[in-house]
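File shown here: run.txt, holding compact mmCIF, C-alpha atoms.
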# COMPACT_ATOMS: atom_id res chain seq x y z
CA MET A 8 50.20 6.14 22.00
CA ALA A 9 46.42 5.91 21.77
CA MET A 10 46.52 7.71 18.45
CA SER A 11 49.05 5.28 16.99
CA GLY A 12 46.80 2.39 18.09
CA LEU A 13 43.83 3.98 16.39
CA ALA A 14 45.86 4.68 13.27
CA ARG A 15 46.62 0.97 12.88
CA TRP A 16 42.96 -0.06 12.74
CA PRO A 17 42.30 0.87 9.06
CA ARG A 18 45.20 -1.40 8.05
CA ILE A 19 43.95 -4.16 10.35
CA VAL A 20 40.43 -3.91 8.91
CA ALA A 21 41.77 -3.89 5.33
CA GLU A 22 43.87 -7.01 5.98
CA SER A 23 40.93 -8.73 7.67
CA TRP A 24 38.70 -7.83 4.72
CA THR A 25 41.17 -9.36 2.26
CA LEU A 26 41.46 -12.56 4.29
CA ALA A 27 37.68 -12.79 4.68
CA VAL A 28 36.93 -12.31 0.97
CA GLY A 29 39.62 -14.86 0.06
CA SER A 30 38.11 -17.41 2.42
CA LEU A 31 34.61 -16.88 1.04
CA ARG A 32 35.80 -17.16 -2.56
CA ALA A 33 37.46 -20.47 -1.73
CA HIS A 34 34.09 -21.98 -0.75
CA PRO A 35 31.38 -20.43 -2.99
CA GLY A 36 28.86 -23.25 -2.50
CA ARG A 37 29.09 -23.06 1.26
CA THR A 38 28.83 -19.28 1.10
CA LEU A 39 25.69 -19.45 -1.04
CA LEU A 40 23.95 -21.88 1.30
CA ALA A 41 24.82 -19.73 4.30
CA ILE A 42 23.33 -16.53 2.88
CA ILE A 43 20.08 -17.93 1.43
CA GLY A 44 18.17 -17.30 4.66
CA VAL A 45 19.48 -13.73 4.83
CA VAL A 46 18.52 -13.12 1.19
CA ILE A 47 14.96 -14.36 1.72
CA GLY A 48 14.52 -12.27 4.85
CA ILE A 49 15.80 -9.06 3.24
CA VAL A 50 13.73 -9.61 0.07
CA THR A 51 10.61 -10.05 2.21
CA VAL A 52 11.16 -6.89 4.23
CA VAL A 53 12.18 -4.61 1.36
CA LEU A 54 9.57 -5.84 -1.12
CA VAL A 55 6.64 -5.72 1.31
CA ALA A 56 7.74 -2.26 2.46
CA ALA A 57 7.84 -1.10 -1.18
CA VAL A 58 4.36 -2.47 -1.95
CA LEU A 59 2.80 -1.09 1.24
CA ALA A 60 4.40 2.33 0.72
CA ASN A 61 3.10 2.51 -2.84
CA VAL A 62 -0.41 1.33 -1.97
CA ARG A 63 -0.52 3.79 0.94
CA ASN A 64 0.45 6.66 -1.37
CA GLN A 65 -2.16 5.61 -3.92
CA ILE A 66 -4.89 5.39 -1.26
CA ALA A 67 -3.88 8.79 0.10
CA LEU A 68 -4.19 10.26 -3.39
CA LEU A 69 -7.51 8.48 -3.92
CA PHE A 70 -9.24 9.84 -0.83
CA ARG A 71 -7.60 13.25 -0.85
CA ASP A 72 -8.79 13.52 -4.43
CA LEU A 73 -12.32 13.19 -3.04
CA GLY A 74 -11.74 16.27 -0.89
CA THR A 75 -9.80 16.81 2.32
CA GLU A 76 -12.58 19.06 3.66
CA ASN A 77 -15.33 16.52 2.94
CA VAL A 78 -17.18 14.30 5.39
CA PHE A 79 -18.63 11.03 4.04
CA ALA A 80 -21.69 9.27 5.45
CA PHE A 81 -22.76 5.70 4.70
CA HIS A 82 -25.02 3.34 6.61
CA LEU A 83 -22.36 0.59 6.65
CA THR A 84 -18.75 0.61 7.83
CA GLY A 85 -17.16 -0.96 4.77
CA ASP A 86 -16.71 -0.30 1.08
CA PRO A 87 -20.05 0.60 -0.58
CA TYR A 88 -19.33 -2.00 -3.27
CA VAL A 89 -18.69 -4.84 -0.80
CA SER A 90 -21.31 -7.00 0.91
CA PRO A 91 -21.97 -5.78 4.47
CA PRO A 92 -20.88 -7.72 7.55
CA GLU A 93 -23.66 -9.79 9.10
CA ARG A 94 -24.00 -7.52 12.14
CA GLU A 95 -24.86 -4.56 9.86
CA ALA A 96 -27.01 -6.30 7.27
CA ARG A 97 -30.27 -5.10 8.89
CA ARG A 98 -29.32 -1.42 8.88
CA LEU A 99 -31.60 0.83 6.88
CA PRO A 100 -29.88 2.74 4.06
CA LEU A 101 -29.47 6.49 4.13
CA GLN A 102 -32.00 8.42 2.08
CA VAL A 103 -31.27 10.86 -0.72
CA SER A 104 -33.54 13.39 1.01
CA PHE A 105 -31.16 13.50 4.00
CA ALA A 106 -28.78 15.64 1.93
CA ALA A 107 -31.15 18.60 1.88
CA ALA A 108 -31.77 18.35 5.65
CA ILE A 109 -28.03 18.24 6.39
CA ALA A 110 -27.39 21.28 4.18
CA ARG A 111 -30.24 23.19 5.85
CA ASP A 112 -29.40 22.40 9.49
CA SER A 113 -25.59 22.43 9.47
CA PRO A 114 -24.06 25.94 9.47
CA SER A 115 -20.52 24.60 9.05
CA ILE A 116 -21.41 22.76 5.83
CA ARG A 117 -21.54 24.67 2.56
CA ASP A 118 -22.74 21.95 0.18
CA VAL A 119 -24.06 18.38 0.30
CA GLY A 120 -24.25 15.86 -2.53
CA VAL A 121 -25.19 12.22 -2.90
CA GLN A 122 -23.72 9.22 -4.65
CA VAL A 123 -25.96 6.22 -5.28
CA ILE A 124 -24.37 2.81 -5.89
CA LEU A 125 -26.58 0.96 -8.33
CA PRO A 126 -26.72 -2.84 -8.69
CA ARG A 127 -24.60 -4.35 -11.44
CA ALA A 128 -27.45 -6.61 -12.49
CA THR A 129 -31.24 -6.63 -12.52
CA GLU A 130 -33.40 -9.70 -11.97
CA THR A 131 -33.18 -10.52 -15.66
CA GLN A 132 -29.77 -9.35 -16.90
CA ALA A 133 -26.33 -8.07 -16.03
CA LEU A 134 -25.96 -4.36 -16.71
CA THR A 135 -23.35 -3.54 -19.32
CA ALA A 136 -22.52 -0.44 -21.33
CA ARG A 137 -22.50 -0.62 -25.13
CA ALA A 138 -21.63 1.91 -27.79
CA GLY A 139 -21.64 0.78 -31.40
CA GLY A 140 -19.68 -2.46 -31.57
CA SER A 141 -17.91 -1.89 -28.25
CA GLU A 142 -19.07 -3.17 -24.89
CA SER A 143 -17.81 -2.97 -21.31
CA ASP A 144 -18.84 -5.56 -18.75
CA THR A 145 -16.62 -4.02 -16.05
CA VAL A 146 -18.69 -0.85 -15.91
CA LEU A 147 -19.76 0.38 -12.47
CA ILE A 148 -23.07 2.19 -12.51
CA GLU A 149 -23.68 5.06 -10.14
CA ALA A 150 -26.10 7.91 -9.82
CA ALA A 151 -25.28 11.30 -8.39
CA SER A 152 -26.69 14.68 -7.58
CA PRO A 153 -25.51 17.37 -10.03
CA ASN A 154 -23.34 19.10 -7.41
CA LEU A 155 -21.37 15.96 -6.47
CA PHE A 156 -18.78 16.55 -9.21
CA GLU A 157 -17.96 19.98 -7.79
CA ILE A 158 -17.90 18.72 -4.19
CA ILE A 159 -15.28 16.07 -4.98
CA GLY A 160 -13.38 18.32 -7.38
CA ALA A 161 -13.84 16.06 -10.40
CA GLU A 162 -11.93 17.15 -13.48
CA PHE A 163 -13.40 16.85 -16.97
CA THR A 164 -11.35 16.29 -20.11
CA ALA A 165 -14.41 17.18 -22.16
CA GLY A 166 -18.02 18.19 -21.62
CA ARG A 167 -19.69 18.98 -18.31
CA PRO A 168 -21.64 17.49 -15.40
CA PHE A 169 -25.37 17.12 -15.85
CA THR A 170 -27.42 20.06 -14.64
CA ALA A 171 -29.98 20.44 -11.86
CA LEU A 172 -32.67 20.77 -14.55
CA GLU A 173 -31.58 17.52 -16.23
CA ASN A 174 -31.65 15.81 -12.85
CA ARG A 175 -35.06 17.23 -11.94
CA GLU A 176 -36.57 16.19 -15.28
CA GLY A 177 -34.92 12.76 -15.18
CA VAL A 178 -33.20 13.22 -18.53
CA ALA A 179 -31.24 10.20 -19.83
CA VAL A 180 -27.76 11.76 -19.77
CA ALA A 181 -24.51 10.35 -18.43
CA VAL A 182 -20.96 11.17 -17.40
CA VAL A 183 -18.33 8.53 -18.14
CA GLY A 184 -14.98 7.76 -16.51
CA ALA A 185 -11.72 7.83 -18.46
CA SER A 186 -11.28 4.04 -18.76
CA LEU A 187 -14.92 3.48 -19.71
CA ALA A 188 -14.70 6.20 -22.38
CA ARG A 189 -11.61 4.55 -23.85
CA ALA A 190 -13.26 1.11 -23.82
CA LEU A 191 -16.39 2.35 -25.60
CA TYR A 192 -15.06 5.06 -27.92
CA GLY A 193 -11.35 4.36 -28.32
CA GLY A 194 -9.41 7.58 -28.69
CA ASP A 195 -12.43 9.63 -29.77
CA SER A 196 -14.25 12.06 -27.51
CA ALA A 197 -17.23 10.55 -25.72
CA VAL A 198 -19.15 13.82 -25.42
CA GLY A 199 -22.28 13.95 -27.54
CA ARG A 200 -22.12 10.22 -28.26
CA SER A 201 -24.73 7.74 -27.11
CA LEU A 202 -24.46 4.49 -25.17
CA VAL A 203 -26.91 1.80 -24.18
CA MET A 204 -27.19 0.56 -20.59
CA GLY A 205 -29.90 -1.84 -19.47
CA GLY A 206 -31.76 -1.46 -22.75
CA GLU A 207 -31.95 2.34 -22.40
CA SER A 208 -30.04 4.90 -24.43
CA PHE A 209 -28.09 7.69 -22.70
CA THR A 210 -26.38 10.73 -24.16
CA VAL A 211 -22.88 11.38 -22.80
CA VAL A 212 -22.54 14.99 -21.65
CA GLY A 213 -19.20 14.71 -19.85
CA GLU A 214 -15.98 12.69 -19.86
CA LEU A 215 -13.92 12.66 -16.67
CA ALA A 216 -10.14 12.91 -16.53
CA LYS A 217 -8.24 9.89 -15.24
CA ARG A 218 -8.47 9.88 -11.46
CA ARG A 219 -5.43 9.82 -9.23
CA GLY A 220 -4.70 7.06 -6.75
CA GLY A 221 -6.33 3.66 -6.42
CA PHE A 222 -5.24 0.09 -5.81
CA PHE A 223 -2.20 -1.13 -7.77
CA GLY A 224 -2.53 1.75 -10.21
CA GLU A 225 -6.24 1.24 -10.91
CA ASN A 226 -8.91 3.67 -9.75
CA ARG A 227 -12.32 2.07 -10.14
CA GLN A 228 -13.92 5.50 -10.61
CA ASP A 229 -12.38 5.49 -14.09
CA ASN A 230 -14.85 2.70 -14.99
CA VAL A 231 -17.94 4.45 -13.63
CA LEU A 232 -20.99 5.43 -15.64
CA THR A 233 -22.80 8.17 -13.69
CA ILE A 234 -26.43 9.11 -14.35
CA PRO A 235 -28.74 11.63 -12.60
CA GLU A 236 -30.01 10.31 -9.27
CA ARG A 237 -33.67 11.09 -10.04
CA HIS A 238 -33.52 9.15 -13.28
CA ALA A 239 -31.92 6.26 -11.38
CA ARG A 240 -34.65 6.26 -8.73
CA ARG A 241 -37.33 6.24 -11.41
CA ARG A 242 -35.58 3.44 -13.27
CA PHE A 243 -34.36 1.25 -10.35
CA GLY A 244 -36.53 2.30 -7.41
CA GLU A 245 -35.39 3.62 -4.05
CA PRO A 246 -31.65 3.01 -3.66
CA GLU A 247 -30.17 0.67 -1.08
CA ARG A 248 -26.69 2.21 -1.04
CA VAL A 249 -26.49 5.98 -0.69
CA VAL A 250 -23.27 7.78 0.22
CA ILE A 251 -23.63 11.39 1.34
CA TYR A 252 -20.78 13.84 0.72
CA ALA A 253 -20.73 17.02 2.81
CA ARG A 254 -18.23 19.76 2.01
CA ALA A 255 -17.29 21.76 5.09
CA ARG A 256 -16.66 25.46 5.09
CA PRO A 257 -12.92 26.31 5.18
CA GLY A 258 -11.37 25.26 8.48
CA LEU A 259 -14.64 23.91 9.91
CA ARG A 260 -14.45 20.22 9.03
CA ASP A 261 -14.54 19.03 12.65
CA ALA A 262 -17.60 21.18 13.37
CA ALA A 263 -19.23 19.94 10.16
CA TYR A 264 -18.55 16.36 11.26
CA ARG A 265 -20.35 16.91 14.58
CA GLU A 266 -23.27 18.75 12.99
CA MET A 267 -23.70 16.07 10.34
CA GLU A 268 -23.68 13.35 13.00
CA SER A 269 -26.33 15.20 15.02
CA VAL A 270 -28.62 15.71 12.01
CA LEU A 271 -28.31 12.08 10.90
CA ARG A 272 -29.07 10.78 14.39
CA ARG A 273 -32.18 12.94 14.45
CA LEU A 274 -33.28 11.87 10.97
CA ARG A 275 -32.79 8.21 11.87
CA ARG A 276 -34.56 8.73 15.23
CA LEU A 277 -31.83 7.27 17.37
CA PRO A 278 -32.27 7.45 21.18
CA ALA A 279 -29.62 9.42 23.05
CA GLU A 280 -28.03 6.27 24.47
CA ALA A 281 -27.98 4.38 21.15
CA ASP A 282 -24.87 3.97 19.03
CA ASN A 283 -24.77 5.37 15.52
CA ASP A 284 -26.24 3.06 12.90
CA PHE A 285 -24.24 4.81 10.20
CA THR A 286 -20.58 5.64 9.60
CA LEU A 287 -19.01 9.06 9.24
CA SER A 288 -15.49 9.35 7.88
CA THR A 289 -13.01 11.79 6.41
CA ALA A 290 -10.08 11.29 4.07
CA ASP A 291 -7.63 11.49 6.98
CA GLN A 292 -9.54 8.86 8.98
CA ILE A 293 -9.63 6.44 6.06
CA ILE A 294 -5.90 6.91 5.41
CA GLY A 295 -5.24 6.46 9.13
CA THR A 296 -7.24 3.21 9.13
CA PHE A 297 -5.14 1.91 6.25
CA ASP A 298 -1.98 2.94 8.07
CA SER A 299 -3.00 0.87 11.11
CA VAL A 300 -3.77 -2.13 8.89
CA SER A 301 -0.50 -1.76 6.98
CA ALA A 302 1.36 -1.47 10.30
CA GLN A 303 -0.06 -4.85 11.32
CA ILE A 304 0.93 -6.31 7.96
CA GLY A 305 4.38 -4.81 8.45
CA LEU A 306 4.73 -6.41 11.89
CA ALA A 307 3.72 -9.80 10.49
CA THR A 308 6.24 -9.32 7.68
CA VAL A 309 8.99 -8.45 10.15
CA GLY A 310 8.13 -11.59 12.10
CA LEU A 311 8.43 -13.78 9.00
CA ALA A 312 11.63 -12.02 7.98
CA ALA A 313 13.04 -12.50 11.49
CA VAL A 314 12.53 -16.26 11.23
CA SER A 315 14.31 -16.26 7.88
CA LEU A 316 17.15 -14.11 9.24
CA LEU A 317 17.47 -16.44 12.23
CA ILE A 318 17.87 -19.38 9.87
CA GLY A 319 20.42 -17.34 7.95
CA ALA A 320 22.26 -16.48 11.17
CA ILE A 321 22.45 -20.16 12.11
CA GLY A 322 23.83 -20.93 8.65
CA ILE A 323 26.45 -18.19 8.94
CA ALA A 324 27.44 -19.33 12.44
CA ASN A 325 27.90 -22.91 11.19
CA VAL A 326 30.01 -21.73 8.26
CA MET A 327 32.14 -19.62 10.57
CA PHE A 328 32.69 -22.50 13.02
CA ILE A 329 33.77 -24.69 10.09
CA SER A 330 36.05 -21.92 8.85
CA VAL A 331 37.64 -21.49 12.29
CA THR A 332 38.18 -25.26 12.59
CA GLU A 333 39.72 -25.53 9.10
CA ARG A 334 42.09 -22.62 9.78
CA THR A 335 43.13 -23.58 13.30
CA ARG A 336 46.82 -23.84 12.41
CA GLU A 337 46.70 -20.52 10.52
CA ILE A 338 45.18 -18.87 13.60
CA GLY A 339 47.81 -20.47 15.84
CA LEU A 340 50.59 -19.19 13.56
CA ARG A 341 49.22 -15.63 13.62
CA LEU A 342 49.00 -15.70 17.40
CA ALA A 343 52.46 -17.23 17.72
CA VAL A 344 54.11 -14.45 15.69
CA GLY A 345 52.55 -11.79 17.88
CA ALA A 346 49.17 -10.95 16.34
CA PRO A 347 46.90 -9.54 19.07
CA ARG A 348 43.85 -11.61 19.86
CA SER A 349 41.69 -8.55 19.06
CA HIS A 350 43.00 -8.67 15.47
CA VAL A 351 41.94 -12.31 15.10
CA LEU A 352 38.55 -11.49 16.59
CA VAL A 353 38.06 -8.60 14.12
CA GLN A 354 39.14 -10.78 11.18
CA PHE A 355 36.43 -13.37 11.77
CA LEU A 356 33.79 -10.79 12.68
CA ILE A 357 34.47 -9.04 9.38
CA GLU A 358 34.30 -12.35 7.56
CA ALA A 359 30.87 -13.04 9.09
CA ALA A 360 29.70 -9.49 8.35
CA VAL A 361 30.87 -9.77 4.72
CA LEU A 362 29.06 -13.10 4.41
CA SER A 363 25.84 -11.61 5.74
CA GLY A 364 26.36 -8.34 3.87
CA ILE A 365 26.53 -10.20 0.57
CA GLY A 366 23.16 -11.72 1.45
CA GLY A 367 21.79 -8.29 2.35
CA VAL A 368 22.95 -6.65 -0.90
CA ALA A 369 21.66 -9.59 -2.94
CA GLY A 370 18.31 -9.43 -1.12
CA VAL A 371 17.96 -5.69 -1.79
CA VAL A 372 18.87 -6.12 -5.48
CA ILE A 373 16.40 -8.98 -5.90
CA ALA A 374 13.64 -7.01 -4.13
CA LEU A 375 14.29 -3.96 -6.33
CA GLY A 376 14.23 -6.19 -9.41
CA ILE A 377 10.89 -7.73 -8.45
CA GLY A 378 9.55 -4.23 -7.75
CA LEU A 379 10.69 -3.10 -11.19
CA LEU A 380 8.95 -6.07 -12.82
CA LEU A 381 5.74 -5.21 -10.93
CA SER A 382 6.01 -1.63 -12.18
CA VAL A 383 6.36 -2.89 -15.76
CA PHE A 384 3.53 -5.41 -15.72
CA VAL A 385 1.05 -3.60 -13.43
CA SER A 386 -0.02 -0.39 -15.12
CA GLY A 387 0.28 2.72 -12.96
CA PHE A 388 1.93 0.86 -10.10
CA SER A 389 5.39 1.72 -8.81
CA ALA A 390 6.90 -0.65 -6.25
CA VAL A 391 9.88 1.57 -5.50
CA ALA A 392 11.36 0.63 -2.14
CA PRO A 393 11.60 3.55 0.30
CA LEU A 394 15.15 4.48 1.29
CA TRP A 395 14.51 3.55 4.92
CA ALA A 396 13.57 0.00 3.91
CA VAL A 397 16.78 -0.44 1.89
CA ALA A 398 18.88 1.01 4.72
CA ALA A 399 17.09 -1.14 7.31
CA GLY A 400 17.62 -4.27 5.20
CA LEU A 401 21.34 -3.64 4.82
CA ALA A 402 21.74 -2.74 8.49
CA ALA A 403 19.83 -5.86 9.56
CA SER A 404 22.02 -8.08 7.40
CA GLY A 405 25.17 -6.55 8.89
CA LEU A 406 23.92 -6.99 12.45
CA VAL A 407 22.93 -10.60 11.75
CA GLY A 408 26.45 -11.29 10.46
CA VAL A 409 28.17 -9.74 13.46
CA ALA A 410 25.84 -11.49 15.92
CA ALA A 411 26.20 -14.86 14.17
CA GLY A 412 29.96 -14.55 13.85
CA PHE A 413 30.75 -13.35 17.35
CA TRP A 414 30.95 -16.74 19.07
CA PRO A 415 33.08 -18.40 16.34
CA ALA A 416 35.31 -15.29 16.25
CA ARG A 417 35.69 -15.33 20.03
CA ARG A 418 36.59 -19.00 19.91
CA ALA A 419 39.27 -18.27 17.30
CA ALA A 420 40.70 -15.35 19.30
CA SER A 421 40.89 -17.39 22.51
CA MET A 422 42.87 -20.31 21.07
CA ASN A 423 46.11 -21.39 22.67
CA PRO A 424 48.80 -20.87 19.98
CA VAL A 425 50.72 -24.02 20.93
CA ASP A 426 47.62 -26.25 20.78
CA ALA A 427 46.50 -24.59 17.54
CA LEU A 428 49.86 -25.24 15.85
CA ARG A 429 49.66 -28.93 16.85
CA TYR A 430 46.13 -29.27 15.40
CA GLU A 431 45.83 -31.77 12.56
Would you encode the structure as structure tokens?
Amino acid sequence: MAMSGLARWPRIVAESWTLAVGSLRAHPGRTLLAIIGVVIGIVTVVLVAAVLANVRNQIALLFRDLGTENVFAFHLTGDPYVSPPEREARRLPLQVSFAAAIARDSPSIRDVGVQVILPRATETQALTARAGGSESDTVLIEAASPNLFEIIGAEFTAGRPFTALENREGVAVAVVGASLARALYGGDSAVGRSLVMGGESFTVVGELAKRRGGFFGENRQDNVLTIPERHARRRFGEPERVVIYARARPGLRDAAYREMESVLRRLRRLPAEADNDFTLSTADQIIGTFDSVSAQIGLATVGLAAVSLLIGAIGIANVMFISVTERTREIGLRLAVGAPRSHVLVQFLIEAAVLSGIGGVAGVVIALGIGLLLSVFVSGFSAVAPLWAVAAGLAASGLVGVAAGFWPARRAASMNPVDALRYE
């Protein structure tokens, strides 16, 4: 007997589906107004999830490309290109000479290099890069020790890094990023060509391959002009922004981290009880920091989407109450001819779920369409929604429909057939 009852449910659901779709088609304007809130909520969740997932993947590629076994040291906590927070503005920069001391006194570290962030302008002019009739005003100028390219695993499409001898002698040579090379030389090789920066001519000895990762498909390292650090110090004076890269021996990154911290504290003469006045980080830590930030953004997004879904749920509930009122006599007739109250309840729950489901599907489609447009217009960026976000959006829309439709459906199922048939 139980089996026969279960066997009837597919037919009951199919009939309820047909009645629900027919009712929704009869009032398209009302249906559209009811699902707008659901659509907005689902678009918000799916689109933000797609953007955050893509940016997270790009950042992971960016920092893992700099070396998963590397430890980075900087005297500030933020991006080397960004102005420091007020509480850190008085910190003294790291010194280029610290690299040699770290390499000497840290057994777990096999190589140490430096990156110097140079100002984009002098007191008299903005620094640009020019080659022939081409010029780039988006160039980022850095200096580096010769071994930095090997430490970060930089790939060259042509040429080579500058040598220790060129660095020691302060020779005017340069390595250019992929985007800078294209801006200055078009499709031609940059190696062996000259460029002018700050009124001084440099010979390009290496052209880097396009770097992986970045923000919205753009890796700023592709716009970098790198010169030997000794030449930079002679030309611009002692640097104010030095990043030290330490490559740990295989499997010893944690030990290298501790050793590097100890050496830097000693070099900066910090008392035992004093906090570090520098920041050490690894690729995993930086990715983890972004994950915590993106989680907070995700929570805020869910909150906004929840408000929108609540508005949508109220709209669906109103539509369902109107539908139940308009079809009171139909409900009474079904009950009078023997339809179980559970069948009436299922019919209106399905109608509410279909209403909300339409909003969920529409929201997912719109979010995927916006993501596709972003992918087309933002080079190197792919706003493909993760499968979990699509599934969560559809599930949320279905739950909203069932929750919003339950009370109207219960009201319909509990009607007195005689009173319902008399309703005008």
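Those residues that approach Gly206 of chain A to within 10 Å, counting all atoms listed in the file, are Leu134, Thr135, Ala136, Arg137, Leu202, Val203 and Phe209 of chain A; same-chain residues fewer than 3 positions away are not listed.
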Within 12 Å of Leu401 of chain A, counting all atoms listed in the file, which residues show up once you throw out same-chain ones fewer than 6 positions away? Write them as a ChimeraX atom specification, please. /A:45-46,48-50,52-53,360-361,363-372,394-395,407-408
Taking (-29.5, 10.2, 14.4) in the file's own coordinates, collect the residues within 12 Å, counting all atoms listed in the file, and hand them back as number ranges by chain. A: 80, 82, 101, 105, 109, 265-287
Export, as a compact mmCIF listing (two decimals), in the frame of the given file, the selected residues with C-alpha atoms.
# COMPACT_ATOMS: atom_id res chain seq x y z
CA ALA A 80 -21.69 9.27 5.45
CA HIS A 82 -25.02 3.34 6.61
CA LEU A 101 -29.47 6.49 4.13
CA PHE A 105 -31.16 13.50 4.00
CA ILE A 109 -28.03 18.24 6.39
CA ARG A 265 -20.35 16.91 14.58
CA GLU A 266 -23.27 18.75 12.99
CA MET A 267 -23.70 16.07 10.34
CA GLU A 268 -23.68 13.35 13.00
CA SER A 269 -26.33 15.20 15.02
CA VAL A 270 -28.62 15.71 12.01
CA LEU A 271 -28.31 12.08 10.90
CA ARG A 272 -29.07 10.78 14.39
CA ARG A 273 -32.18 12.94 14.45
CA LEU A 274 -33.28 11.87 10.97
CA ARG A 275 -32.79 8.21 11.87
CA ARG A 276 -34.56 8.73 15.23
CA LEU A 277 -31.83 7.27 17.37
CA PRO A 278 -32.27 7.45 21.18
CA ALA A 279 -29.62 9.42 23.05
CA GLU A 280 -28.03 6.27 24.47
CA ALA A 281 -27.98 4.38 21.15
CA ASP A 282 -24.87 3.97 19.03
CA ASN A 283 -24.77 5.37 15.52
CA ASP A 284 -26.24 3.06 12.90
CA PHE A 285 -24.24 4.81 10.20
CA THR A 286 -20.58 5.64 9.60
CA LEU A 287 -19.01 9.06 9.24
Kindly provide, as a list in words, the polymer residues lying within 12 Å of (-29.1, 2.4, -21.3), counting all atoms listed in the file and using the coordinates exactly as they appear in the file.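 Here the neighbourhood of the point contains Leu134, Thr135, Ala136, Arg137, Ala138, Ile148, Val178, Ala179, Val180, Ala181, Ser201, Leu202, Val203, Met204, Gly205, Gly206, Glu207, Ser208, Phe209, Thr210, Val211, Leu232, Thr233, Ile234, His238, Ala239 and Arg242 of chain A.
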For atom CA of Phe79 of chain A and atom CA of Leu147 of chain A, the interatomic separation in Å (one decimal):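 Computing it gives 19.7 Å between the two atoms.
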Which value, in Å to one decimal, gives the distance between atom CA of Ala41 of chain A and atom CA of Val55 of chain A? 23.1 Å
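Taking atom CA of Leu406 of chain A and atom CA of Val300 of chain A as endpoints, the distance between them is 28.3 Å.
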So, with all atoms listed in the file as the atoms that count, which of A:Leu379, A:Val123, A:Ala411, A:Leu59 lies closest to Gly305 of chain A?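 Checking each candidate against Gly305 of chain A, we get A:Leu59 as the closest.
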Emit a file covering segment 291-304 of chain A of the preceding structure with N, CA and C atoms, as a short mmCIF file (atom, residue, chain, number, x, y, z; two decimals), in the first residue's frame.
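Written output follows (out.cif):
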data_model
loop_
_atom_site.label_atom_id
_atom_site.label_comp_id
_atom_site.auth_asym_id
_atom_site.auth_seq_id
_atom_site.Cartn_x
_atom_site.Cartn_y
_atom_site.Cartn_z
N ASP A 291 52.55 31.55 0.38
CA ASP A 291 51.37 30.97 1.03
C ASP A 291 50.71 31.96 1.99
N GLN A 292 51.52 32.72 2.72
CA GLN A 292 50.96 33.71 3.65
C GLN A 292 50.20 34.80 2.91
N ILE A 293 50.77 35.27 1.82
CA ILE A 293 50.13 36.34 1.05
C ILE A 293 48.82 35.84 0.46
N ILE A 294 48.82 34.62 -0.07
CA ILE A 294 47.59 34.04 -0.62
C ILE A 294 46.56 33.85 0.49
N GLY A 295 47.03 33.40 1.66
CA GLY A 295 46.13 33.23 2.80
C GLY A 295 45.51 34.55 3.24
N THR A 296 46.31 35.62 3.21
CA THR A 296 45.78 36.94 3.57
C THR A 296 44.68 37.36 2.60
N PHE A 297 44.93 37.12 1.31
CA PHE A 297 43.89 37.46 0.33
C PHE A 297 42.64 36.62 0.55
N ASP A 298 42.83 35.34 0.90
CA ASP A 298 41.68 34.48 1.14
C ASP A 298 40.82 35.02 2.29
N SER A 299 41.48 35.51 3.34
CA SER A 299 40.71 36.05 4.48
C SER A 299 39.97 37.32 4.07
N VAL A 300 40.61 38.15 3.25
CA VAL A 300 39.94 39.37 2.77
C VAL A 300 38.77 39.01 1.87
N SER A 301 39.01 38.06 0.94
CA SER A 301 37.94 37.68 0.02
C SER A 301 36.79 37.01 0.77
N ALA A 302 37.10 36.30 1.87
CA ALA A 302 36.04 35.70 2.67
C ALA A 302 35.15 36.78 3.28
N GLN A 303 35.77 37.87 3.73
CA GLN A 303 34.98 38.98 4.28
C GLN A 303 34.12 39.63 3.20
N ILE A 304 34.72 39.79 2.01
CA ILE A 304 33.94 40.34 0.89
C ILE A 304 32.78 39.40 0.56
#
